[in-house]
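Data first, discussion second: the structure below is written as structure tokens.
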Protein chains: 4
Amino acid sequence: MDPNKSEQPNSTPEPSAVILGHCPDRKGINSAITHFISEHNGNIIDYVQHVDSEQGVFFVRIEWELKGFALPREEIEAAFKPIANRFAMTWNLHFSEAVPRMAIFVSRQTHCLYDLLARQQSGEWRVDIPLVIGNHPEVETVVRPFGIDYRHIPMTPETRVQAEQEQLALLEQNRIDFVVLARYMQVVSPEFIAHFPNRIINIHHSFLPAFVGAKPYHAAHARGVKIVGATSHYVTNELDQGPIIDQDVIRVSHKDAVEDLVRKGKDLEKIVLARAIWSHLNRQILVYNNKTVIFE
Amino acid sequence: MDPNKSEQPNSTPEPSAVILGHCPDRKGINSAITHFISEHNGNIIDYVQHVDSEQGVFFVRIEWELKGFALPREEIEAAFKPIANRFAMTWNLHFSEAVPRMAIFVSRQTHCLYDLLARQQSGEWRVDIPLVIGNHPEVETVVRPFGIDYRHIPMTPETRVQAEQEQLALLEQNRIDFVVLARYMQVVSPEFIAHFPNRIINIHHSFLPAFVGAKPYHAAHARGVKIVGATSHYVTNELDQGPIIDQDVIRVSHKDAVEDLVRKGKDLEKIVLARAIWSHLNRQILVYNNKTVIFE
Amino acid sequence: MDPNKSEQPNSTPEPSAVILGHCPDRKGINSAITHFISEHNGNIIDYVQHVDSEQGVFFVRIEWELKGFALPREEIEAAFKPIANRFAMTWNLHFSEAVPRMAIFVSRQTHCLYDLLARQQSGEWRVDIPLVIGNHPEVETVVRPFGIDYRHIPMTPETRVQAEQEQLALLEQNRIDFVVLARYMQVVSPEFIAHFPNRIINIHHSFLPAFVGAKPYHAAHARGVKIVGATSHYVTNELDQGPIIDQDVIRVSHKDAVEDLVRKGKDLEKIVLARAIWSHLNRQILVYNNKTVIFE
Amino acid sequence: MDPNKSEQPNSTPEPSAVILGHCPDRKGINSAITHFISEHNGNIIDYVQHVDSEQGVFFVRIEWELKGFALPREEIEAAFKPIANRFAMTWNLHFSEAVPRMAIFVSRQTHCLYDLLARQQSGEWRVDIPLVIGNHPEVETVVRPFGIDYRHIPMTPETRVQAEQEQLALLEQNRIDFVVLARYMQVVSPEFIAHFPNRIINIHHSFLPAFVGAKPYHAAHARGVKIVGATSHYVTNELDQGPIIDQDVIRVSHKDAVEDLVRKGKDLEKIVLARAIWSHLNRQILVYNNKTVIFE
């Protein structure tokens with residue numbers, strides 16, 4: 001039950017469609033795309049394009065109202081395809097009505113988990129969270145009151161392959177669209193990642209690329225930095241090297257022990273992870289060459 | 001049950017004592033205070049002083065280990081009194097072992113509430129939260145799973161006096177030390193405030209003193225600011241005019257509608273309120289002349 | 001002479017044209033504009049649009065390469081006019097080759113002045129600064145070494161009208177496009193402003209709308225804020241109420257006296273003013289309803 | 001000539017003395033130090049101590065008024081020595097009246113140089129800058145108008161040893177206390193550093209430890225970070241590994257090319273370098289174990 005639902009501005013948005021795409025840059029792309037919407041009597045809500053002139057790549061996000069659009073939903077893809085093909089565009093089409101299904105992976109630390117569940121529960125996000133998977137049994141007591149299924153799958157070097165198979169089966173059963181590693185603290189195998197390319201979001205507790213790997217707060221303290229950070233990114237096969245979605249930082253001082261960095265960092269982690277998920281949910285992210293284009 | 005407890009660095013701190021005080025500035029105060037600790041064989045963990053030279057006021061926070069201190073706890077107050085009197089110091093003494101008891105007041109918005117409960121539950125803070133009071137019945141479903149008592153006390157202009165009496169009775173029954181208004185959205189009467197001077201912490205959803213009062217995000221949007229903020233402060237009789245404990249801000253743009261400011265602001269509110277409570281819990285705050293001295 | 005010129009990436013940009021415009025929102029605007037560029041064989045470098053759905057206003061900034069564009073520069077305006085008229089668009093056209101001419105008004109504080117002159121001198125900006133006007137004679141020693149004309153025009157309540165006439169004559173003589181008030185500390189009359197609508201940039205030393213008017217750092221200190229700010233805005237007839245271009249903030253504490261706020265604030269003022277000028281120089285700003293749309 | 005001098009709050013401070021020290025932590029240090037001041041009738045302006053409990057090290061900064069202090073300046077050192085010895089303290093004593101002498105090393109980029117010279121010229125800092133040394137002749141035109149000596153010492157791999165000898169001779173002649181590398185872009189030899197331990201301040205154009213070495217903005221762009229930073233630190237024998245004094249960051253996006261990172265970063269570099277120099281000038285920095293304690 002959600003006491004805030006009535007106050008949520010996003011609870012009943014008008015249906016819209018989004019195309020995200022990128023292609024080699026050349027003349028006439030903007031014109032062709034906007035003409036496509038306009039000839040079918042569409043109303044563009046948001047049009048953003050970006051040209052990476054170094055790489056010669058054109059990026060675009062276009063969102064338009066479905067109300068009044070001359071094409072029915074199921075015909076849009078076929079109708080746009082010739083334009084995309086003309087420009088050799090890699091693209092996809094999303095409808096705002098579709099509510100994405102998200103799974104959360106967690107270890108023992110629960111600050112990010114609580115934060116995500118609270119956002120979903122209070123109606124801040126349009127997302128379904130049918131499943132939380134963890135490698136510690138006691139986290140069930142956190143998840144259960146939110147009415148969400150918690151599955152405890154222990155993770156050891158010996159059982160990893162088998163455990164990931166179980167995880168994948170659960171994700172499939174629950175028709176999961178994307179996975180959030182909410183301080184999961186486990187390395188995910190390339191085989192697993194291959195099932196969710198650019199659809200696994202991790203939060204790393206440092207300002208990447210500084211302090212890759214384990215114990216970044218200890219490393220930050222040892223180096224005597226005056227600012228610590230957190231980084232959300234898509235997971236790729238190289239540890240902590242995936243495309244960065246968002247980062248944020250907080251000032252620290254010589255007075256802060258490692259445990260103070262941990263405490264201050266937790267707040268960053270929650271916020272930075274949540275912002276990345278927001279961008280993902282709102283189809284604002286394009287990935288190209290291991291970097292993100294974020295259409296805010 | 002708390003799955004994180006074993007990871008919490010603050011779960012079993014060594015017992016310590018804190019004196020917070022202020023007095024007219026003059027020579028010899030630091031020497032007298034530090035001598036007091038040293039003559040009883042105390043070990044100072046943290047000594048911070050500040051002189052407001054405009055106002056001629058001396059502020060001090062001293063924390064020392066109780067282990068090995070020659071005076072037993074119950075004699076410290078009497079032993080320090082002559083020194084305090086010599087300098088006309090306003091002061092108080094705290095023991096770290098005492099776990100403060102906090103009540104939360106809430107209205108319909110639950111993002112701060114969830115955040116506070118999660119922090120307590122996961123062992124991030126040493127605080128007891130025996131009671132949440134709200135003016136909407138449905139928030140009970142948020143609070144109940146945390147094993148905390150929720151009391152619904154409706155609040156209308158006609159019933160305010162009576163309702164505040166009920167609130168005060170509950171606070172007394174539960175031996176509450178301080179109250180947190182977690183987006184409570186109700187004005188608290190001077191009579192109520194008089195029971196908890198500098199012990200009611202509010203979160204205001206603007207960068208005070210800009211946008212005092214209701215609907216600050218609407219006002220910020222109308223003015224076209226490029227940054228919005230949140231402010232935690234102690235509640236005094238003048239609306240949104242109490243001593244500021246902490247503030248933080250986030251960048252916004254012309255693309256952000258009011259609902260985007262609300263969404264971005266919620267994250268600020270959670271963090272800024274939590275930081276204020278942390279400072280309060282750790283006896284880091286002195287109030288003087290409607291301003292705070294924060295001994296971090 | 002400029003030792004850095006060869007390192008400046010912006011020193012020889014390809015010539016481009018920019019159209020900035022706004023109009024009532026309706027279908028087909030994006031399509032019409034992009035088609036206009038494409039039918040004349042133009043290459044769009046940057047296309048940004050924004051719809052204020054509350055007000056029903058469409059904003060656009062389009063930048064395209066002049067190289068290869070089928071229309072000569074002098075015919076672009078006439079060719080675009082029918083499109084603009086069809087949508088009742090308020091718009092203007094700029095060519096990147098035109099180097100804007102900027103005048104600086106200054107009082108006794110020179111930190112912003114130095115910063116602006118250094119940026120121009122080192123080639124960071126493509127701008128001409130033929131003139132600095134001040135109401136204190138001694139600032140000439142700052143300006144003169146930069147090879148820029150300094151005019152001392154004293155300003156008293158009695159001489160204001162006459163002094164502003166002198167200023168306006170100098171601005172006209174020097175074909176000034178826009179004026180920067182670099183901590184000028186004088187109120188500018190509506191008559192003066194009318195000559196440069198949305199072309200006078202001021203830096204106010206507070207986080208507006210907090211602390212409007214004189215001595216904002218004193219007011220901030222008295223209120224005990226934990227963050228101070230600076231705000232750049234276009235000057236309008238109401239003091240400190242013009243459209244905000246940029247803002248930034250810095251954390252302060254109880255340890256900071258007014259003079260520390262002044263010192264910390266100076267750094268903010270320099271940066272925030274410079275960023276506003278950068279946006280203005282790059283034709284990134286649209287003003288509507290006393291607010292700015294900044295196309296970054 | 002300085003038009004601002006009369007407005008500078010710091011232009012005629014009351015004379016004070018500062019002791020900075022660190023020693024193994026044990027009981028009674030605070031008491032001994034504060035007693036020393038008080039027994040000679042001193043008035044403590046600022047007393048800050050910090051204990052690094054991991055390392056068991058006590059740090060202290062004490063500042064007191066010389067007016068009314070019973071000991072004449074030249075006897076203070078000898079009088080304090082027994083206390084320092086008792087606690088095995090590494091310490092030094094400074095008098096606020098001494099105006100430090102600073103040299104600036106610069107290469108071709110002049111944004112930091114201009115900023116430093118402007119601060120000194122406008123009276124923001126109490127410092128003498130008798131000398132700027134550069135490895136490009138054309139920077140003389142920047143320095144000369146400020147009435148400061150500019151020495152051009154070319155720097156090539158073959159001439160480095162000889163060139164550094166010239167530099168050292170000039171520093172000695174000018175009785176330089178500390179050196180600022182204002183985007184100097186040259187590696188300084190261990191022999192040189194040995195003459196100015198913890199007295200050479202560098203600005204590195206990244207958020208260290210990310211992007212050590214050359215071309216950090218290019219590296220940041222390649223990695224796709226969402227925030228870039230700048231770091232001021234004392235120079236040690238290991239490149240970009242010295243004790244960090246201050247850091248700051250600014251948000252960037254996919255729209256920012258390398259040249260935009262450079263432009264945004266320049267503002268950071270100026271501010272972060274200036275803040276480090278301010279802390280150094282005000283005797284707020286203690287270095288221990290390759291980290292700084294900053295007593296703000």
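Residue names in the structure tokens use chain letters A, B, ... in the order shown, residue numbers from 1 in each chain, and ligand numbers from 1 in the order shown.
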
Using only C-alpha atoms, find the residues of chain A whose closest atom to chain B is at most 10 Å away, then write them as number ranges by chain. A: 1-10, 107-115, 117-119, 121-122, 124, 136-142, 144-146, 255-256, 258-260, 262-264, 266-268, 270-271, 274-275, 296

How would chain D read as a compact mmCIF listing (two decimals) with C-alpha atoms, in the first residue's frame after a least-squares superposition onto chain B over every Cα atom, matched in order?
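The result, stored in selection31.txt:
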# COMPACT_ATOMS: atom_id res chain seq x y z
CA MET D 1 17.42 -8.37 13.66
CA ASP D 2 20.32 -6.66 12.06
CA PRO D 3 22.41 -8.44 9.48
CA ASN D 4 24.97 -5.67 9.45
CA LYS D 5 25.67 -5.37 13.10
CA SER D 6 28.99 -7.15 12.95
CA GLU D 7 30.24 -4.77 10.29
CA GLN D 8 29.37 -1.59 12.12
CA PRO D 9 32.48 0.16 13.37
CA ASN D 10 30.51 2.16 15.91
CA SER D 11 28.67 -0.71 17.53
CA THR D 12 30.90 -1.05 20.60
CA PRO D 13 32.79 2.18 21.14
CA GLU D 14 34.84 2.67 24.27
CA PRO D 15 32.86 4.63 26.87
CA SER D 16 33.64 8.32 26.85
CA ALA D 17 32.32 11.55 28.31
CA VAL D 18 31.64 14.82 26.53
CA ILE D 19 31.35 18.33 27.89
CA LEU D 20 29.83 20.98 25.64
CA GLY D 21 29.96 24.56 26.88
CA HIS D 22 30.17 28.22 26.08
CA CYS D 23 31.10 31.27 28.12
CA PRO D 24 32.46 34.80 27.78
CA ASP D 25 35.93 34.58 26.28
CA ARG D 26 38.90 35.24 28.54
CA LYS D 27 42.36 33.92 29.18
CA GLY D 28 42.96 30.56 30.78
CA ILE D 29 39.83 28.62 29.87
CA ASN D 30 41.56 26.03 27.71
CA SER D 31 44.21 25.58 30.32
CA ALA D 32 41.71 25.12 33.14
CA ILE D 33 39.65 22.58 31.23
CA THR D 34 42.52 20.50 29.95
CA HIS D 35 44.13 20.59 33.39
CA PHE D 36 40.91 19.23 34.88
CA ILE D 37 41.09 16.17 32.64
CA SER D 38 44.77 15.68 33.07
CA GLU D 39 44.81 15.97 36.88
CA HIS D 40 42.31 13.10 37.03
CA ASN D 41 44.43 11.05 34.70
CA GLY D 42 42.01 11.35 31.77
CA ASN D 43 42.88 10.77 28.15
CA ILE D 44 41.46 13.43 25.83
CA ILE D 45 40.13 11.88 22.61
CA ASP D 46 38.99 15.10 21.06
CA TYR D 47 39.37 18.71 22.07
CA VAL D 48 37.87 21.46 19.96
CA GLN D 49 37.37 25.08 20.89
CA HIS D 50 36.16 28.04 18.97
CA VAL D 51 36.17 31.73 19.77
CA ASP D 52 33.62 34.02 18.18
CA SER D 53 35.72 37.13 18.42
CA GLU D 54 32.93 39.44 17.29
CA GLN D 55 30.71 38.34 20.13
CA GLY D 56 33.51 37.54 22.53
CA VAL D 57 32.22 34.03 23.22
CA PHE D 58 34.26 30.93 23.84
CA PHE D 59 32.87 27.54 22.76
CA VAL D 60 34.31 24.17 23.68
CA ARG D 61 33.71 20.48 23.17
CA ILE D 62 35.90 18.05 25.03
CA GLU D 63 35.64 14.29 24.86
CA TRP D 64 37.72 11.97 27.01
CA GLU D 65 37.92 8.28 27.78
CA LEU D 66 36.17 7.11 30.90
CA LYS D 67 38.50 4.12 31.18
CA GLY D 68 41.26 5.07 33.58
CA PHE D 69 39.64 8.38 34.52
CA ALA D 70 40.10 8.87 38.25
CA LEU D 71 36.60 10.20 38.90
CA PRO D 72 33.58 7.92 38.80
CA ARG D 73 30.83 9.07 36.44
CA GLU D 74 28.52 10.34 39.11
CA GLU D 75 31.16 12.66 40.57
CA ILE D 76 32.25 14.33 37.34
CA GLU D 77 29.52 16.92 37.26
CA ALA D 78 30.19 18.16 40.76
CA ALA D 79 33.93 18.17 40.18
CA PHE D 80 33.70 20.25 37.04
CA LYS D 81 31.16 22.71 38.41
CA PRO D 82 33.67 25.05 40.10
CA ILE D 83 35.61 25.47 36.85
CA ALA D 84 32.43 26.15 34.89
CA ASN D 85 31.31 28.65 37.49
CA ARG D 86 34.65 30.45 37.46
CA PHE D 87 34.15 31.17 33.76
CA ALA D 88 30.36 31.62 33.88
CA MET D 89 30.01 28.71 31.51
CA THR D 90 26.70 27.30 30.23
CA TRP D 91 27.46 23.63 29.84
CA ASN D 92 26.29 20.06 29.90
CA LEU D 93 27.81 16.64 30.32
CA HIS D 94 27.02 13.53 28.27
CA PHE D 95 28.07 9.91 28.48
CA SER D 96 28.52 8.01 25.26
CA GLU D 97 26.91 4.89 26.70
CA ALA D 98 23.54 6.60 27.00
CA VAL D 99 21.54 5.69 23.91
CA PRO D 100 19.31 8.66 23.02
CA ARG D 101 15.61 8.05 22.41
CA MET D 102 14.19 9.68 19.29
CA ALA D 103 10.63 10.12 18.06
CA ILE D 104 9.73 10.78 14.45
CA PHE D 105 6.81 12.96 13.35
CA VAL D 106 5.64 12.39 9.82
CA SER D 107 2.91 13.37 7.42
CA ARG D 108 2.20 11.60 4.10
CA GLN D 109 5.60 11.76 2.44
CA THR D 110 7.65 8.79 3.54
CA HIS D 111 11.07 9.14 1.93
CA CYS D 112 12.74 10.62 5.01
CA LEU D 113 10.91 8.24 7.30
CA TYR D 114 12.09 5.16 5.40
CA ASP D 115 15.62 6.51 5.38
CA LEU D 116 15.70 7.11 9.12
CA LEU D 117 14.20 3.74 9.98
CA ALA D 118 16.65 1.95 7.67
CA ARG D 119 19.61 3.68 9.29
CA GLN D 120 18.47 2.70 12.73
CA GLN D 121 17.60 -0.85 11.70
CA SER D 122 20.90 -1.47 9.97
CA GLY D 123 22.86 -0.28 13.00
CA GLU D 124 24.28 2.83 11.36
CA TRP D 125 23.19 4.91 14.37
CA ARG D 126 23.24 4.31 18.11
CA VAL D 127 19.71 5.48 18.82
CA ASP D 128 16.41 4.05 19.98
CA ILE D 129 13.28 4.88 18.00
CA PRO D 130 10.35 3.70 20.08
CA LEU D 131 7.71 5.87 18.45
CA VAL D 132 6.52 7.38 15.18
CA ILE D 133 3.61 9.81 15.25
CA GLY D 134 1.75 10.74 12.07
CA ASN D 135 -1.36 12.57 10.99
CA HIS D 136 -2.28 10.05 8.29
CA PRO D 137 -3.36 6.54 9.19
CA GLU D 138 -1.90 4.75 6.16
CA VAL D 139 1.73 5.40 7.13
CA GLU D 140 1.37 2.70 9.75
CA THR D 141 2.05 0.15 7.01
CA VAL D 142 5.47 1.68 6.53
CA VAL D 143 6.41 1.77 10.19
CA ARG D 144 4.96 -1.47 11.53
CA PRO D 145 7.38 -3.88 9.77
CA PHE D 146 10.26 -2.15 11.55
CA GLY D 147 8.75 -3.19 14.86
CA ILE D 148 8.13 0.39 15.92
CA ASP D 149 4.96 1.79 17.43
CA TYR D 150 2.99 4.05 15.08
CA ARG D 151 0.43 6.44 16.51
CA HIS D 152 -2.06 8.17 14.28
CA ILE D 153 -3.02 11.55 15.69
CA PRO D 154 -5.14 13.56 13.23
CA MET D 155 -4.34 17.24 13.10
CA THR D 156 -6.86 19.93 12.24
CA PRO D 157 -6.96 23.58 13.22
CA GLU D 158 -9.72 22.77 15.72
CA THR D 159 -8.01 19.79 17.32
CA ARG D 160 -4.45 21.09 17.34
CA VAL D 161 -4.23 21.95 21.03
CA GLN D 162 -5.69 18.63 22.09
CA ALA D 163 -3.61 16.71 19.54
CA GLU D 164 -0.38 18.27 20.76
CA GLN D 165 -1.31 17.29 24.32
CA GLU D 166 -1.65 13.69 23.16
CA GLN D 167 1.68 13.91 21.38
CA LEU D 168 3.41 15.30 24.46
CA ALA D 169 1.92 12.59 26.63
CA LEU D 170 3.21 9.92 24.28
CA LEU D 171 6.66 11.52 24.17
CA GLU D 172 6.80 11.58 27.93
CA GLN D 173 5.60 7.99 28.27
CA ASN D 174 8.31 6.89 25.86
CA ARG D 175 10.98 9.00 27.59
CA ILE D 176 11.83 10.70 24.29
CA ASP D 177 14.98 12.83 24.24
CA PHE D 178 14.48 14.56 20.93
CA VAL D 179 12.01 14.77 18.08
CA VAL D 180 12.63 14.64 14.34
CA LEU D 181 10.13 16.24 11.97
CA ALA D 182 10.60 14.08 8.88
CA ARG D 183 8.63 16.20 6.41
CA TYR D 184 5.90 16.64 9.02
CA MET D 185 4.28 19.60 7.19
CA GLN D 186 2.59 20.90 10.33
CA VAL D 187 3.42 23.98 12.34
CA VAL D 188 4.38 23.13 15.92
CA SER D 189 3.14 25.44 18.67
CA PRO D 190 5.42 27.45 20.97
CA GLU D 191 4.00 25.46 23.89
CA PHE D 192 5.15 22.24 22.30
CA ILE D 193 8.55 23.65 21.38
CA ALA D 194 9.09 24.81 24.96
CA HIS D 195 9.21 21.16 26.01
CA PHE D 196 12.05 20.38 23.60
CA PRO D 197 14.26 23.47 23.23
CA ASN D 198 16.91 22.79 20.59
CA ARG D 199 15.70 19.20 20.61
CA ILE D 200 13.32 19.28 17.65
CA ILE D 201 15.05 18.83 14.30
CA ASN D 202 13.21 19.81 11.13
CA ILE D 203 14.07 19.37 7.47
CA HIS D 204 12.99 22.23 5.24
CA HIS D 205 12.96 21.61 1.51
CA SER D 206 14.80 24.72 0.42
CA PHE D 207 18.13 26.40 0.80
CA LEU D 208 17.14 28.68 3.68
CA PRO D 209 16.67 31.60 3.99
CA ALA D 210 15.46 31.38 0.39
CA PHE D 211 11.92 30.10 0.03
CA VAL D 212 10.68 30.09 3.60
CA GLY D 213 7.25 28.54 4.14
CA ALA D 214 5.07 26.36 1.96
CA LYS D 215 5.78 25.07 -1.56
CA PRO D 216 9.45 26.05 -1.81
CA TYR D 217 10.01 23.91 -4.92
CA HIS D 218 7.26 25.76 -6.71
CA ALA D 219 8.80 29.06 -5.68
CA ALA D 220 12.26 27.93 -6.77
CA HIS D 221 10.90 26.88 -10.14
CA ALA D 222 9.10 30.17 -10.58
CA ARG D 223 12.28 32.12 -9.81
CA GLY D 224 14.31 30.02 -12.24
CA VAL D 225 17.13 29.13 -9.84
CA LYS D 226 19.93 26.88 -11.10
CA ILE D 227 20.46 25.15 -7.75
CA VAL D 228 17.99 23.91 -5.13
CA GLY D 229 18.73 22.96 -1.56
CA ALA D 230 17.56 21.51 1.71
CA THR D 231 18.13 22.75 5.23
CA SER D 232 17.99 20.99 8.59
CA HIS D 233 17.48 23.20 11.61
CA TYR D 234 16.28 23.24 15.18
CA VAL D 235 12.69 24.36 15.46
CA THR D 236 12.01 27.69 17.15
CA ASN D 237 8.90 29.78 17.42
CA GLU D 238 9.52 31.58 14.15
CA LEU D 239 8.75 29.45 11.12
CA ASP D 240 11.90 28.20 9.32
CA GLN D 241 14.03 30.66 11.29
CA GLY D 242 15.68 28.28 13.75
CA PRO D 243 19.44 27.63 14.03
CA ILE D 244 20.68 25.92 10.85
CA ILE D 245 22.43 22.60 11.41
CA ASP D 246 23.24 21.55 7.87
CA GLN D 247 22.45 22.39 4.27
CA ASP D 248 23.16 20.89 0.92
CA VAL D 249 22.31 21.65 -2.68
CA ILE D 250 21.90 20.08 -6.09
CA ARG D 251 22.14 21.61 -9.54
CA VAL D 252 18.95 21.88 -11.59
CA SER D 253 18.23 23.31 -15.01
CA HIS D 254 15.49 24.78 -17.16
CA LYS D 255 14.61 21.21 -18.14
CA ASP D 256 13.48 20.42 -14.60
CA ALA D 257 9.77 20.83 -13.96
CA VAL D 258 8.53 21.29 -10.41
CA GLU D 259 8.11 17.53 -10.13
CA ASP D 260 11.78 17.06 -11.01
CA LEU D 261 12.80 19.53 -8.32
CA VAL D 262 10.65 17.54 -5.90
CA ARG D 263 12.33 14.29 -6.92
CA LYS D 264 15.87 15.65 -6.77
CA GLY D 265 15.11 17.47 -3.57
CA LYS D 266 13.93 14.33 -1.80
CA ASP D 267 17.42 12.90 -1.98
CA LEU D 268 18.84 16.06 -0.47
CA GLU D 269 16.24 16.09 2.27
CA LYS D 270 17.08 12.53 3.35
CA ILE D 271 20.80 13.16 3.47
CA VAL D 272 20.71 16.58 5.10
CA LEU D 273 18.26 15.46 7.77
CA ALA D 274 20.34 12.37 8.51
CA ARG D 275 23.52 14.40 8.83
CA ALA D 276 21.85 16.76 11.29
CA ILE D 277 20.67 13.83 13.39
CA TRP D 278 24.16 12.33 13.32
CA SER D 279 25.64 15.58 14.66
CA HIS D 280 22.96 15.77 17.32
CA LEU D 281 23.45 12.14 18.38
CA ASN D 282 27.19 12.65 18.66
CA ARG D 283 26.88 15.74 20.84
CA GLN D 284 28.59 17.92 18.24
CA ILE D 285 26.17 20.85 18.31
CA LEU D 286 26.15 23.96 20.43
CA VAL D 287 23.45 26.58 19.90
CA TYR D 288 24.15 30.22 20.60
CA ASN D 289 22.31 33.32 19.39
CA ASN D 290 20.16 31.32 16.99
CA LYS D 291 23.22 29.87 15.24
CA THR D 292 24.93 26.52 15.59
CA VAL D 293 28.53 25.68 16.29
CA ILE D 294 29.14 22.21 14.85
CA PHE D 295 32.17 20.44 16.28
CA GLU D 296 32.88 17.85 13.63

Which of segment 39-244 of chain A counts as strand (DSSP E or B) under DSSP, as a PyMOL selection string please? chain A and resi 43-52+57-65+90-95+101-106+128-134+149-152+178-181+200-204+227-234+244

Quick check for you: according to DSSP on this backbone, which residues of segment 70-265 of chain A are classed as helix (DSSP H, G or I)? Reply as a ChimeraX atom specification. /A:73-86,111-121,137-146,160-173,190-195,216-223,258-265
